[in-house]
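File shown here: coords25.csv, holding CSV, C-alpha atoms.
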```csv
chain,number,residue,atom,x,y,z
A,281,MET,CA,11.6,63.5,-92.1
A,282,ILE,CA,9.7,66.7,-93.0
A,283,TYR,CA,11.9,69.7,-92.0
A,284,LEU,CA,10.1,72.9,-91.3
A,285,ASN,CA,12.6,74.8,-89.1
A,286,ASN,CA,14.3,76.8,-91.9
A,287,ALA,CA,14.0,80.1,-89.9
A,288,ALA,CA,16.6,78.6,-87.6
A,289,THR,CA,18.8,77.0,-90.2
A,290,SER,CA,17.8,75.9,-93.7
A,291,TRP,CA,18.0,72.2,-94.6
A,292,PRO,CA,18.6,70.4,-96.9
A,293,LYS,CA,21.3,72.5,-98.7
A,294,PRO,CA,21.7,72.4,-102.5
A,295,ASP,CA,24.1,69.7,-103.6
A,296,THR,CA,26.3,72.4,-105.1
A,297,VAL,CA,26.8,73.9,-101.6
A,298,THR,CA,28.1,70.6,-100.1
A,299,THR,CA,30.2,70.0,-103.1
A,300,ALA,CA,31.8,73.4,-102.9
A,301,ILE,CA,32.6,73.0,-99.2
A,302,ALA,CA,34.1,69.6,-99.7
A,303,ALA,CA,36.2,70.9,-102.6
A,304,ALA,CA,37.5,73.7,-100.4
A,305,LEU,CA,38.5,71.3,-97.7
A,306,ARG,CA,40.2,69.0,-100.1
A,307,GLN,CA,42.4,71.8,-101.5
A,308,PRO,CA,45.7,72.8,-99.7
A,309,PRO,CA,44.9,75.6,-97.3
A,310,PRO,CA,45.5,79.0,-98.9
A,311,SER,CA,47.4,81.7,-97.0
A,312,ALA,CA,45.3,84.8,-97.2
A,313,TYR,CA,46.8,87.5,-99.4
A,314,ARG,CA,50.1,85.7,-99.7
A,315,SER,CA,49.4,82.9,-102.1
A,316,THR,CA,50.7,83.4,-105.7
A,317,GLU,CA,47.2,82.5,-106.9
A,318,ASN,CA,45.4,84.8,-104.5
A,319,THR,CA,42.8,82.2,-103.8
A,320,VAL,CA,41.2,84.0,-100.9
A,321,ASP,CA,41.1,87.3,-102.7
A,322,THR,CA,39.5,85.7,-105.7
A,323,LEU,CA,36.9,83.9,-103.7
A,324,ASP,CA,36.1,87.0,-101.6
A,325,ASN,CA,35.7,89.2,-104.7
A,326,MET,CA,33.4,86.7,-106.4
A,327,LEU,CA,31.3,86.3,-103.3
A,328,ARG,CA,31.0,90.0,-102.8
A,329,GLN,CA,30.0,90.5,-106.4
A,330,GLN,CA,27.3,87.8,-106.3
A,331,LEU,CA,26.0,89.1,-102.9
A,332,GLY,CA,25.9,92.6,-104.5
A,333,LYS,CA,23.6,91.3,-107.2
A,334,LEU,CA,21.3,89.5,-104.8
A,335,LEU,CA,21.1,92.2,-102.2
A,336,ASN,CA,21.4,95.1,-104.6
A,337,ILE,CA,24.5,96.6,-103.1
A,338,ARG,CA,26.6,98.7,-105.5
A,339,HIS,CA,29.6,99.3,-103.3
A,340,THR,CA,30.4,95.6,-102.9
A,341,GLU,CA,33.9,96.4,-101.5
A,342,ARG,CA,31.9,97.6,-98.4
A,343,ILE,CA,30.6,94.0,-97.7
A,344,TYR,CA,32.6,92.5,-94.9
A,345,PHE,CA,32.5,88.8,-93.8
A,346,THR,CA,32.0,87.6,-90.3
A,347,SER,CA,30.8,84.4,-88.6
A,348,GLY,CA,27.2,85.4,-89.0
A,349,ALA,CA,24.5,88.0,-88.1
A,350,THR,CA,25.1,88.0,-84.4
A,351,ASP,CA,28.8,88.6,-84.9
A,352,SER,CA,28.0,91.4,-87.4
A,353,LEU,CA,25.5,93.1,-85.1
A,354,ASN,CA,27.9,93.1,-82.2
A,355,ARG,CA,30.6,94.6,-84.3
A,356,LEU,CA,28.3,97.3,-85.6
A,357,LEU,CA,26.6,98.1,-82.3
A,358,THR,CA,29.9,98.5,-80.5
A,359,GLY,CA,31.8,100.2,-83.2
A,360,LEU,CA,29.4,102.8,-84.7
A,361,SER,CA,29.9,105.5,-82.0
A,362,LEU,CA,26.4,105.2,-80.7
A,363,ALA,CA,27.2,106.6,-77.2
A,364,GLY,CA,25.1,109.7,-76.4
A,365,LYS,CA,22.8,109.3,-79.5
A,366,PRO,CA,19.2,108.0,-79.5
A,367,ILE,CA,18.7,104.4,-80.7
A,368,PHE,CA,15.4,103.2,-81.9
A,369,THR,CA,14.5,99.6,-82.5
A,370,THR,CA,11.4,97.4,-82.5
A,371,ALA,CA,9.7,94.9,-80.3
A,372,THR,CA,10.1,92.3,-83.1
A,373,GLU,CA,13.9,92.1,-83.0
A,374,HIS,CA,16.1,89.1,-82.4
A,375,ASN,CA,18.3,88.8,-79.3
A,376,SER,CA,21.3,89.4,-81.6
A,377,VAL,CA,20.1,93.0,-81.6
A,378,LEU,CA,18.5,93.3,-78.2
A,379,ARG,CA,21.3,91.7,-76.1
A,380,PRO,CA,24.1,93.9,-77.3
A,381,LEU,CA,21.9,96.9,-76.6
A,382,TRP,CA,20.8,95.7,-73.2
A,383,ASN,CA,24.2,94.6,-72.0
A,384,HIS,CA,26.0,97.9,-72.8
A,385,PRO,CA,24.4,100.0,-70.0
A,386,GLN,CA,24.9,103.3,-71.8
A,387,LEU,CA,23.3,102.0,-75.0
A,388,HIS,CA,20.4,100.5,-73.1
A,389,GLN,CA,19.6,103.8,-71.5
A,390,GLN,CA,19.5,105.4,-75.0
A,391,THR,CA,17.3,102.8,-76.6
A,392,MET,CA,13.6,103.1,-77.3
A,393,VAL,CA,11.6,100.1,-78.4
A,394,ILE,CA,8.8,100.7,-80.9
A,395,PRO,CA,5.8,98.4,-80.2
A,396,CYS,CA,4.2,96.1,-82.7
A,397,ASN,CA,0.7,94.7,-83.0
A,398,GLU,CA,-0.4,91.1,-82.4
A,399,TYR,CA,1.0,90.0,-85.8
A,400,GLY,CA,4.4,91.7,-85.5
A,401,GLU,CA,3.5,94.6,-87.7
A,402,ILE,CA,5.2,98.0,-87.1
A,403,HIS,CA,2.8,100.8,-87.9
A,404,HIS,CA,4.5,103.7,-89.6
A,405,SER,CA,2.3,106.1,-87.8
A,406,MET,CA,3.6,104.8,-84.5
A,407,VAL,CA,7.2,105.1,-85.7
A,408,ARG,CA,6.5,108.7,-86.8
A,409,ASP,CA,4.9,109.7,-83.5
A,410,ILE,CA,7.9,108.4,-81.6
A,411,LEU,CA,10.5,109.9,-83.8
A,412,ILE,CA,8.7,113.3,-83.7
A,413,LYS,CA,8.9,113.2,-79.9
A,414,TYR,CA,12.3,111.7,-79.3
A,415,ALA,CA,14.6,112.1,-82.3
A,416,ASP,CA,16.5,115.3,-81.8
A,417,GLY,CA,17.8,115.7,-85.3
A,418,ASN,CA,21.4,115.3,-84.2
A,419,GLY,CA,22.0,111.7,-85.3
A,420,GLY,CA,21.3,108.3,-83.9
A,421,TRP,CA,20.2,105.0,-85.4
A,422,PHE,CA,17.0,103.1,-86.2
A,423,ILE,CA,17.5,99.3,-86.2
A,424,PHE,CA,14.8,96.9,-87.5
A,425,ASN,CA,14.5,93.5,-89.2
A,426,HIS,CA,13.1,93.2,-92.7
A,427,CYS,CA,11.2,90.0,-91.8
A,428,SER,CA,10.2,88.7,-88.4
A,429,ASN,CA,11.6,85.3,-87.4
A,430,VAL,CA,8.6,84.8,-85.2
A,431,THR,CA,5.5,85.8,-87.2
A,432,GLY,CA,7.0,86.2,-90.7
A,433,ASN,CA,5.7,89.7,-91.0
A,434,ILE,CA,7.5,91.8,-93.6
A,435,GLN,CA,8.3,95.4,-92.8
A,436,TYR,CA,8.1,98.0,-95.5
A,437,ALA,CA,11.8,98.7,-95.5
A,438,TYR,CA,11.8,101.5,-98.0
A,439,GLY,CA,9.3,103.5,-96.1
A,440,LEU,CA,10.9,102.9,-92.7
A,441,CYS,CA,14.3,103.9,-94.0
A,442,ARG,CA,12.9,107.0,-95.6
A,443,LEU,CA,11.0,108.0,-92.5
A,444,ALA,CA,14.1,107.5,-90.3
A,445,HIS,CA,16.2,109.6,-92.6
A,446,GLN,CA,13.6,112.4,-92.4
A,447,TYR,CA,14.4,112.7,-88.7
A,448,GLY,CA,18.2,112.6,-89.1
A,449,LEU,CA,18.7,109.0,-88.2
A,450,LYS,CA,20.9,106.4,-89.9
A,451,VAL,CA,19.3,103.0,-90.5
A,452,LEU,CA,20.6,99.4,-89.9
A,453,VAL,CA,18.4,96.7,-91.5
A,454,ASP,CA,18.7,93.0,-90.5
A,455,VAL,CA,17.9,90.8,-93.5
A,456,SER,CA,18.9,87.6,-91.8
A,457,GLN,CA,15.4,86.1,-92.3
A,458,SER,CA,14.7,87.5,-95.8
A,459,ALA,CA,17.9,87.4,-97.8
A,460,GLY,CA,17.5,84.6,-100.3
A,461,CYS,CA,13.8,84.2,-100.2
A,462,LEU,CA,12.5,87.8,-100.5
A,463,PRO,CA,13.7,90.7,-102.6
A,464,VAL,CA,16.3,92.8,-100.8
A,465,ASN,CA,17.3,96.2,-102.3
A,466,ALA,CA,19.9,98.0,-100.2
A,467,GLU,CA,20.3,100.7,-102.8
A,468,ALA,CA,16.6,101.5,-103.2
A,469,TRP,CA,16.1,101.4,-99.4
A,470,ASP,CA,19.1,103.7,-99.0
A,471,CYS,CA,20.0,101.9,-95.7
A,472,ASP,CA,23.2,102.8,-94.0
A,473,ALA,CA,24.1,99.3,-92.8
A,474,LEU,CA,22.7,95.9,-93.6
A,475,VAL,CA,23.3,92.6,-91.8
A,476,PHE,CA,22.9,89.1,-93.3
A,477,THR,CA,23.6,85.5,-92.3
A,478,GLY,CA,24.4,82.6,-94.7
A,479,HIS,CA,22.7,79.6,-93.1
A,480,LYS,CA,19.1,80.5,-93.4
A,481,ALA,CA,17.3,81.4,-96.6
A,482,LEU,CA,20.6,82.0,-98.3
A,483,LEU,CA,21.0,78.2,-98.1
A,484,GLY,CA,24.6,78.3,-97.2
A,485,PRO,CA,26.5,76.7,-94.3
A,486,GLN,CA,26.6,77.8,-90.7
A,487,GLY,CA,29.4,80.1,-89.5
A,488,ILE,CA,29.5,82.6,-92.3
A,489,GLY,CA,27.6,85.9,-92.8
A,490,GLY,CA,28.5,89.5,-92.9
A,491,PHE,CA,27.5,93.1,-93.0
A,492,TYR,CA,27.4,96.0,-95.5
A,493,LEU,CA,28.3,99.5,-94.4
A,494,LYS,CA,27.6,102.5,-96.6
A,495,PRO,CA,30.7,104.5,-97.7
A,496,GLY,CA,31.6,107.3,-95.4
A,497,ILE,CA,30.2,105.8,-92.2
A,498,PRO,CA,33.0,105.3,-89.7
A,499,LEU,CA,33.3,102.0,-87.7
A,500,THR,CA,35.8,101.2,-85.0
A,501,PRO,CA,36.7,97.5,-85.1
A,502,LEU,CA,35.6,95.2,-82.4
A,503,LEU,CA,38.4,92.7,-83.2
A,504,TYR,CA,42.1,93.2,-84.0
A,505,GLY,CA,44.5,90.6,-85.2
A,506,GLY,CA,46.3,89.1,-88.2
A,507,THR,CA,45.1,90.0,-91.7
A,508,GLY,CA,48.1,88.8,-93.8
A,509,ARG,CA,48.5,92.2,-95.4
A,510,ASP,CA,51.0,94.5,-93.7
A,511,SER,CA,52.3,92.5,-90.7
A,512,SER,CA,54.6,95.4,-89.7
A,513,ARG,CA,51.7,97.6,-88.8
A,514,LEU,CA,50.5,97.6,-85.2
A,515,SER,CA,48.2,100.6,-84.9
A,516,TYR,CA,45.6,102.2,-87.0
A,517,ASP,CA,46.0,105.8,-86.0
A,518,ASP,CA,44.9,107.0,-89.5
A,519,GLY,CA,41.5,105.3,-89.1
A,520,ASN,CA,42.2,103.0,-92.1
A,521,TYR,CA,40.8,100.0,-90.3
A,522,GLU,CA,40.7,96.4,-91.4
A,523,TYR,CA,37.5,94.5,-90.4
A,524,GLU,CA,38.3,90.9,-91.4
A,525,VAL,CA,41.0,89.5,-89.1
A,526,GLY,CA,42.1,86.0,-88.2
A,527,THR,CA,41.9,82.9,-90.3
A,528,PRO,CA,39.1,83.2,-92.8
A,529,ASN,CA,36.3,80.7,-93.1
A,530,THR,CA,37.3,79.6,-96.7
A,531,PRO,CA,35.0,76.5,-96.8
A,532,GLY,CA,32.1,78.6,-95.5
A,533,LYS,CA,32.7,81.3,-98.1
A,534,ALA,CA,32.9,78.7,-100.9
A,535,GLY,CA,29.7,77.1,-99.7
A,536,LEU,CA,28.0,80.5,-99.5
A,537,LEU,CA,29.1,81.4,-103.0
A,538,ALA,CA,27.6,78.2,-104.3
A,539,ALA,CA,24.4,78.9,-102.4
A,540,VAL,CA,24.1,82.5,-103.7
A,541,ASN,CA,24.7,81.3,-107.3
A,542,TYR,CA,22.0,78.7,-106.8
A,543,ILE,CA,19.5,81.4,-105.7
A,544,LEU,CA,20.5,83.7,-108.5
A,545,ASP,CA,20.1,80.9,-111.1
A,546,ILE,CA,16.6,80.2,-109.8
A,547,GLY,CA,15.7,83.9,-109.3
A,548,VAL,CA,14.7,85.3,-105.9
A,549,GLU,CA,11.3,86.4,-107.4
A,550,HIS,CA,10.6,82.8,-108.4
A,551,ILE,CA,11.5,81.6,-104.9
A,552,GLU,CA,9.4,84.3,-103.3
A,553,LYS,CA,6.4,83.4,-105.5
A,554,LYS,CA,6.7,79.7,-104.5
A,555,LEU,CA,7.0,80.4,-100.8
A,556,LYS,CA,4.1,82.8,-100.8
A,557,ARG,CA,2.0,80.1,-102.4
A,558,LEU,CA,3.1,77.6,-99.7
A,559,THR,CA,2.6,80.1,-96.9
A,560,HIS,CA,-0.8,81.0,-98.1
A,561,LEU,CA,-1.7,77.3,-98.2
A,562,LEU,CA,-0.4,76.7,-94.7
A,563,LEU,CA,-2.2,79.8,-93.3
A,564,SER,CA,-5.5,79.0,-94.9
A,565,GLU,CA,-5.5,75.4,-93.8
A,566,LEU,CA,-4.5,76.2,-90.2
A,567,LYS,CA,-7.2,78.9,-90.1
A,568,ALA,CA,-9.8,76.2,-90.9
A,569,ILE,CA,-8.8,74.0,-87.9
A,570,ASP,CA,-10.8,74.6,-84.8
A,571,GLY,CA,-8.4,74.5,-82.0
A,572,VAL,CA,-5.5,76.3,-83.7
A,573,ILE,CA,-4.6,79.9,-82.7
A,574,LEU,CA,-2.7,81.7,-85.5
A,575,HIS,CA,-0.1,84.4,-84.5
A,576,SER,CA,1.0,85.2,-88.1
A,577,LEU,CA,-0.8,87.7,-90.2
A,578,ASP,CA,-4.1,86.3,-91.5
A,579,MET,CA,-4.7,87.6,-95.0
A,580,THR,CA,-5.8,84.4,-96.5
A,581,SER,CA,-9.4,85.5,-97.2
A,582,GLY,CA,-9.4,86.6,-100.8
A,583,CYS,CA,-5.6,87.0,-100.8
A,584,LYS,CA,-3.6,86.4,-104.0
A,585,PRO,CA,-0.5,84.6,-102.8
A,586,LYS,CA,1.5,85.8,-105.8
A,587,SER,CA,0.9,89.4,-104.7
A,588,PHE,CA,4.1,91.3,-103.9
A,589,TYR,CA,2.3,93.4,-101.4
A,590,TRP,CA,1.2,90.6,-99.1
A,591,PRO,CA,3.4,91.4,-96.1
A,592,GLN,CA,4.0,87.8,-95.0
A,593,GLY,CA,7.2,85.8,-95.3
A,594,PRO,CA,7.6,82.0,-95.1
A,595,VAL,CA,7.3,81.9,-91.3
A,596,VAL,CA,4.1,80.9,-89.5
A,597,SER,CA,3.6,80.9,-85.8
A,598,PHE,CA,0.6,79.2,-84.1
A,599,ASN,CA,-0.5,77.3,-81.0
A,600,ILE,CA,-2.7,74.3,-80.4
A,601,LYS,CA,-5.3,74.9,-77.7
A,602,GLY,CA,-4.8,72.6,-74.8
A,603,LEU,CA,-1.1,72.1,-75.5
A,604,THR,CA,2.0,74.1,-74.7
A,605,ALA,CA,4.1,74.9,-77.8
A,606,SER,CA,6.9,72.6,-76.6
A,607,ASP,CA,4.5,69.7,-76.1
A,608,ALA,CA,3.0,70.2,-79.5
A,609,GLY,CA,6.4,70.4,-81.1
A,610,TYR,CA,7.4,67.1,-79.3
A,611,ILE,CA,4.3,65.3,-80.5
A,612,LEU,CA,4.8,66.5,-84.1
A,613,ALA,CA,8.5,65.5,-84.1
A,614,ASN,CA,8.1,62.1,-82.3
A,615,SER,CA,4.7,60.9,-83.6
A,616,TYR,CA,4.8,62.3,-87.2
A,617,ASN,CA,8.5,63.0,-87.8
A,618,ILE,CA,7.8,66.7,-88.6
A,619,ILE,CA,10.4,69.1,-87.3
A,620,LEU,CA,9.1,72.6,-86.2
A,621,ARG,CA,10.5,74.9,-83.5
A,622,SER,CA,8.8,75.8,-80.3
A,623,GLY,CA,9.5,78.6,-77.7
A,624,LEU,CA,10.3,82.3,-77.8
A,625,HIS,CA,12.6,81.9,-80.9
A,626,CYS,CA,15.3,84.2,-79.4
A,627,SER,CA,12.9,87.2,-79.8
A,628,PRO,CA,11.4,87.8,-76.3
A,629,LEU,CA,9.8,91.2,-76.7
A,630,ILE,CA,7.4,90.4,-79.5
A,631,HIS,CA,5.7,87.7,-77.3
A,632,HIS,CA,4.3,90.4,-75.0
A,633,TYR,CA,2.3,91.6,-78.0
A,634,LEU,CA,1.4,88.1,-79.2
A,635,ARG,CA,0.4,87.2,-75.6
A,636,THR,CA,2.6,84.1,-75.7
A,637,THR,CA,5.2,85.0,-73.1
A,638,ASP,CA,4.5,81.8,-71.1
A,639,GLY,CA,5.6,79.2,-73.6
A,640,GLY,CA,6.0,81.0,-76.9
A,641,THR,CA,4.7,79.6,-80.2
A,642,LEU,CA,5.0,76.7,-82.5
A,643,ARG,CA,6.8,77.9,-85.6
A,644,ALA,CA,6.7,76.4,-89.1
A,645,SER,CA,9.2,78.0,-91.5
A,646,LEU,CA,9.5,77.0,-95.1
A,647,SER,CA,12.3,77.1,-97.6
A,648,VAL,CA,12.5,76.7,-101.4
A,649,MET,CA,13.2,73.0,-100.8
A,650,ASN,CA,9.8,72.4,-99.3
A,651,THR,CA,6.8,71.2,-101.2
A,652,GLU,CA,3.0,71.2,-101.0
A,653,GLU,CA,3.1,67.7,-99.7
A,654,ASP,CA,5.2,68.8,-96.8
A,655,VAL,CA,2.5,71.4,-95.9
A,656,PHE,CA,-0.3,68.9,-96.2
A,657,GLU,CA,1.6,66.4,-94.0
A,658,LEU,CA,1.8,69.1,-91.3
A,659,ILE,CA,-1.8,70.0,-91.6
A,660,ASP,CA,-2.9,66.4,-91.3
A,661,ALA,CA,-0.7,65.9,-88.3
A,662,VAL,CA,-2.1,69.1,-86.6
A,663,LYS,CA,-5.7,67.9,-87.4
A,664,GLN,CA,-5.0,64.5,-85.8
A,665,THR,CA,-3.4,66.0,-82.8
A,666,VAL,CA,-6.4,68.4,-82.3
A,667,ASN,CA,-8.9,65.5,-82.8
A,668,LYS,CA,-7.1,63.4,-80.1
A,669,LEU,CA,-7.4,66.2,-77.7
A,670,THR,CA,-11.1,66.7,-78.2
A,671,SER,CA,-12.1,63.0,-78.5
```

Could you quickly redo this structure as structure tokens?
Amino acid sequence: MIYLNNAATSWPKPDTVTTAIAAALRQPPPSAYRSTENTVDTLDNMLRQQLGKLLNIRHTERIYFTSGATDSLNRLLTGLSLAGKPIFTTATEHNSVLRPLWNHPQLHQQTMVIPCNEYGEIHHSMVRDILIKYADGNGGWFIFNHCSNVTGNIQYAYGLCRLAHQYGLKVLVDVSQSAGCLPVNAEAWDCDALVFTGHKALLGPQGIGGFYLKPGIPLTPLLYGGTGRDSSRLSYDDGNYEYEVGTPNTPGKAGLLAAVNYILDIGVEHIEKKLKRLTHLLLSELKAIDGVILHSLDMTSGCKPKSFYWPQGPVVSFNIKGLTASDAGYILANSYNIILRSGLHCSPLIHHYLRTTDGGTLRASLSVMNTEEDVFELIDAVKQTVNKLTS
């Protein structure tokens, strides 16, 4: 099987990840903060330190673990005191951002969506025009993803954060699609909050992720419960909240730590370089097939795939003329054993700009585990499928 659905969940995982998870499950279950060996504290601190290196976060104590990006975004969007303040987001966002905003009526009324072009690009001039008109200088938030999970377009995070700050907004960046395969620099971007998940390009297991919150930004918890610290305390009247409650996902953390160490050992710059080369190859080959409609940014002509400034991550959306995305995905999976994903990819608004609202797109997403042979197998399968349609 050739697996090209890494934007949903990466596979296969490094052997060190599965080994770490198995080892965590074989050990006696630690009691958080009560074991004489402080097993959970040690694991948490190591994982925070390594994530800090990968994501360039200095205040690693401000990294909090959750079940993933959706969990993190719901905690932030309900706990950041957004009521009465303008909220700006983009048409490229995932439902993990859109649905919390849409299903809290007051937040939905305050939310303005910044449009994108047909490749998922957010033009800074459009952002500036909207902020000039609607940002009142009295606070609010700008929420955007670093890399689109539909088209793979990479947003210039440093510029967007700087622009939002100029208009008095705080910034939340979703790096779920980019953390582990593209450079992420929370300190240089000066973002106020950052959300990540472990099971995509971070190569970790499902059910573990988290968020970073800059020091000094208050957050009311979404969840309350046991922490294993001070069990006599019932209220947090002093505002000294605890954000990690309930039984911790120790096997998930152990797996994520192994995955982050794997990425740090290889080097995210090396991973980025490999994936840009594979993405460039995929785009250029798809472009040459008559009958394929590309929805990802076409910069293949004269493009140097090693260029840092090529704003394209390892996600490519396309359609085959004469087939719905779901039918094309079915054919590739059942006739060629190649796994892609079809549909709207949990990001409905961007498809209005791609003009693919009816059936979405066929999405190929690469990981560091993929090879050139995988790409050529997909290209050959697409060519054969197109030829059968036209013969």

Counting only C-alpha atoms, what is within 8 Å of range 446-453 of chain A, bar same-chain residues fewer than 6 positions away, as a list in words?
->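 After dropping sequence-adjacent residues, the list is Leu411, Ile412, Ala415, Asp416, Gly417, Asn418, Gly419, Gly420, Trp421, Phe422, Ile423, Phe424, Asn425, His426, Ala437, Cys471, Asp472, Ala473, Leu474 and Val475 of chain A.
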
Which residues are close to Gln390 in chain A, i.e. within 12 Å by all atoms listed in the file, leaving aside same-chain residues fewer than 2 positions away? Reply as a PDB file with C-alpha atoms, in the frame of the given file.
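File written: selection20.pdb
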```pdb
ATOM      1  CA  LEU A 362      26.400 105.200 -80.700  1.00  0.00           C
ATOM      2  CA  ALA A 363      27.200 106.600 -77.200  1.00  0.00           C
ATOM      3  CA  GLY A 364      25.100 109.700 -76.400  1.00  0.00           C
ATOM      4  CA  LYS A 365      22.800 109.300 -79.500  1.00  0.00           C
ATOM      5  CA  PRO A 366      19.200 108.000 -79.500  1.00  0.00           C
ATOM      6  CA  ILE A 367      18.700 104.400 -80.700  1.00  0.00           C
ATOM      7  CA  PHE A 368      15.400 103.200 -81.900  1.00  0.00           C
ATOM      8  CA  THR A 369      14.500  99.600 -82.500  1.00  0.00           C
ATOM      9  CA  LEU A 381      21.900  96.900 -76.600  1.00  0.00           C
ATOM     10  CA  TRP A 382      20.800  95.700 -73.200  1.00  0.00           C
ATOM     11  CA  HIS A 384      26.000  97.900 -72.800  1.00  0.00           C
ATOM     12  CA  PRO A 385      24.400 100.000 -70.000  1.00  0.00           C
ATOM     13  CA  GLN A 386      24.900 103.300 -71.800  1.00  0.00           C
ATOM     14  CA  LEU A 387      23.300 102.000 -75.000  1.00  0.00           C
ATOM     15  CA  HIS A 388      20.400 100.500 -73.100  1.00  0.00           C
ATOM     16  CA  MET A 392      13.600 103.100 -77.300  1.00  0.00           C
ATOM     17  CA  VAL A 393      11.600 100.100 -78.400  1.00  0.00           C
ATOM     18  CA  TYR A 414      12.300 111.700 -79.300  1.00  0.00           C
ATOM     19  CA  ALA A 415      14.600 112.100 -82.300  1.00  0.00           C
ATOM     20  CA  GLY A 420      21.300 108.300 -83.900  1.00  0.00           C
ATOM     21  CA  TRP A 421      20.200 105.000 -85.400  1.00  0.00           C
ATOM     22  CA  PHE A 422      17.000 103.100 -86.200  1.00  0.00           C
TER      23      PHE A 422
END
```

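Nearest residue to Asp470 in chain A among A:Ile394, A:Leu502, A:Ile337, A:Leu514 is A:Ile337, counting all atoms listed in the file.
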
Option closest in space to Asn325 in chain A, from A:Ile619, A:Leu537, A:Ile569, A:Ile488 [counting all atoms listed in the file] = A:Leu537

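In this structure, CA of Glu341 in chain A sits 25.4 Å away from CA of Thr296 in chain A.
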
Between A:His479, A:Arg342, A:His575, A:Lys533, which is the closest to Pro495 in chain A once you count all atoms listed in the file?
-> A:Arg342

Would you mind telling me which residue in A:Asp545, A:Ala644, A:Leu360, A:Thr346 lies nearest to Thr500 in chain A when using all atoms listed in the file?
->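 So, comparing all the options, the nearest one is A:Leu360.
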
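For the choices A:Gln389, A:Ser606, A:Thr322, A:Ser428, the atom-to-atom distance to Ser456 in chain A is smallest for A:Ser428 when using all atoms listed in the file.
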
Might you pull out every residue within 8 Å of range 556-563 of chain A, with only C-alpha atoms counted and same-chain residues fewer than 5 positions away left off, and present them as a ChimeraX atom specification?
-> /A:578,580,585-586,592-596,646,651-652,655-656,659

Got a sec to check which residues sit within 12 Å of (5.8, 68.1, -83.3), counting all atoms listed in the file, and write them as a PyMOL selection string?
-> chain A and resi 281-285+599-600+603-622+641-644+657-662+664-665

Leaving out Gly506 in chain A and any residue of its chain fewer than 3 positions from it, which residues lie within 9 Å of it when counting all atoms listed in the file, given as a ChimeraX atom specification?
-> /A:509,511,524-527

Interatomic distance, CA of His550 in chain A to CA of Tyr399 in chain A (Å, one decimal) =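 If I compute the distance from CA of His550 in chain A to CA of Tyr399 in chain A, I get 25.6 Å.
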
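Between Gly359 in chain A and the candidates A:Ile497, A:Ala288, A:Ala539, A:Leu624, the tightest atom-to-atom separation, counting only C-alpha atoms, involves A:Ile497.
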
Quick one: pull the distance between CA of Gly535 in chain A and CA of Asp324 in chain A, Å, one decimal.
->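 So the answer is 11.9 Å.
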